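Have a look at the structure below, then the notes.
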Amino acid sequence: MPDAFLPRLGHYDKLIAYRKAECIYDITYYFVGNHLAKGDRTVDQMLQAARSGKQNIVEGSAAATTSRETEIKLYNVAKASLQELLADYGDYLRVRGMALWPKDSPKAVQTRRVCKQHPDSAFYRERLAARSPETIANIAIVLIHQADYLLARLIDAAKKRFLEEGGIREQMTRARIDYRRNHGRGEQEGK
């Protein structure tokens, strides 16, 4: 009966958005450790943005059980953090005169296809050392766009569930009314 208004949610590790965010974090960890100078403030900022993108998906997924508002808010924080990271990768490429691959360029199209098929951070970790900083930054950018799209879908789904089911208080009230309706008669007949 408790699942009537508190469904078991929070399986963040099954969300492709989370798995992509984990890939982004791992790529960023490698990237800043190998292509930015120690002591550069951007190192901490990029790592924190990547971590925030990942961790807020975890928290949003866990919050879904009791608060759609919190779930939606945390997924939006994840999106904002990944957008900040996207800007950092774009800045890295721009100030160093490196190419940001146009969306419909062959490299970007191929990278989107590969990234869509591989939401597994080990796949990227195994291949990073053989890639240039420009390529790594562009791979991260593609993954950020994919995660952003998936987060938008998670937010839309959470909004829809809220409209259909209401918030936790509404669900609790409905469950209590249903319980009284189904169990109240038996109690009254026994008296």
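A note on labels: chains of the structure tokens are A, B, ... as shown, every chain counts residues from 1, and ligands are counted from 1 in their shown order.
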
Please report, as a tab-separated table, each residue of stretch 13-83 of chain A lying at most 9 Å from stretch 88-108 of chain A, together with the nearest pair of atoms and the separation in Å rounded to one decimal; use only C-alpha atoms, and order rows by chain and ascending residue number.
residue	atom	partner	partner_atom	distance
A:Thr42	CA	A:Asp88	CA	7.9
A:Gln45	CA	A:Asp88	CA	8.7
A:Met46	CA	A:Asp88	CA	6.9
A:Gln83	CA	A:Asp88	CA	8.7

Would you output that residue set with C-alpha atoms, as a PDB file, in the first residue's frame?
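Output below, filename result05.pdb:
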ATOM      1  CA  THR A  42      39.434  26.553 -14.985  1.00  0.00           C
ATOM      2  CA  GLN A  45      35.525  25.060 -12.448  1.00  0.00           C
ATOM      3  CA  MET A  46      35.285  22.460 -15.205  1.00  0.00           C
ATOM      4  CA  GLN A  83      25.882  24.333 -20.154  1.00  0.00           C
TER       5      GLN A  83
END

>> I'd like the neighbourhood of A:Val58 as a PyMOL selection string, where a residue qualifies if any of its atoms comes within 8 Å (using only C-alpha atoms), though same-chain residues fewer than 3 positions away should be ignored.
In response: chain A and resi 10+12-13+18+54-55+61-62

> So which residues touch stretch 120-128 of chain A within 8 Å, counting only C-alpha atoms, skipping near sequence neighbours fewer than 3 positions away, as a list in words?
Replying inline: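 The residues that qualify are Arg19, Lys20, Glu22, Cys23, Ile24, Asp26, Ile27, Tyr30, Arg131 and Ile136 of chain A.
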
> Could you work out how far atom CA of A:Glu134 lies from atom CA of A:Ala80, giving the answer in Å with one decimal?
Replying inline: 23.1 Å

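The residue that comes closest to A:Leu163, out of A:Gly184, A:Leu151, A:Pro133, A:Arg68 and on the basis of only C-alpha atoms, is A:Arg68.
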
> From the list A:Ala137, A:Leu143, A:Val43, A:Leu86, which residue is nearest A:Val114 when using only C-alpha atoms?
Replying inline: A:Leu143
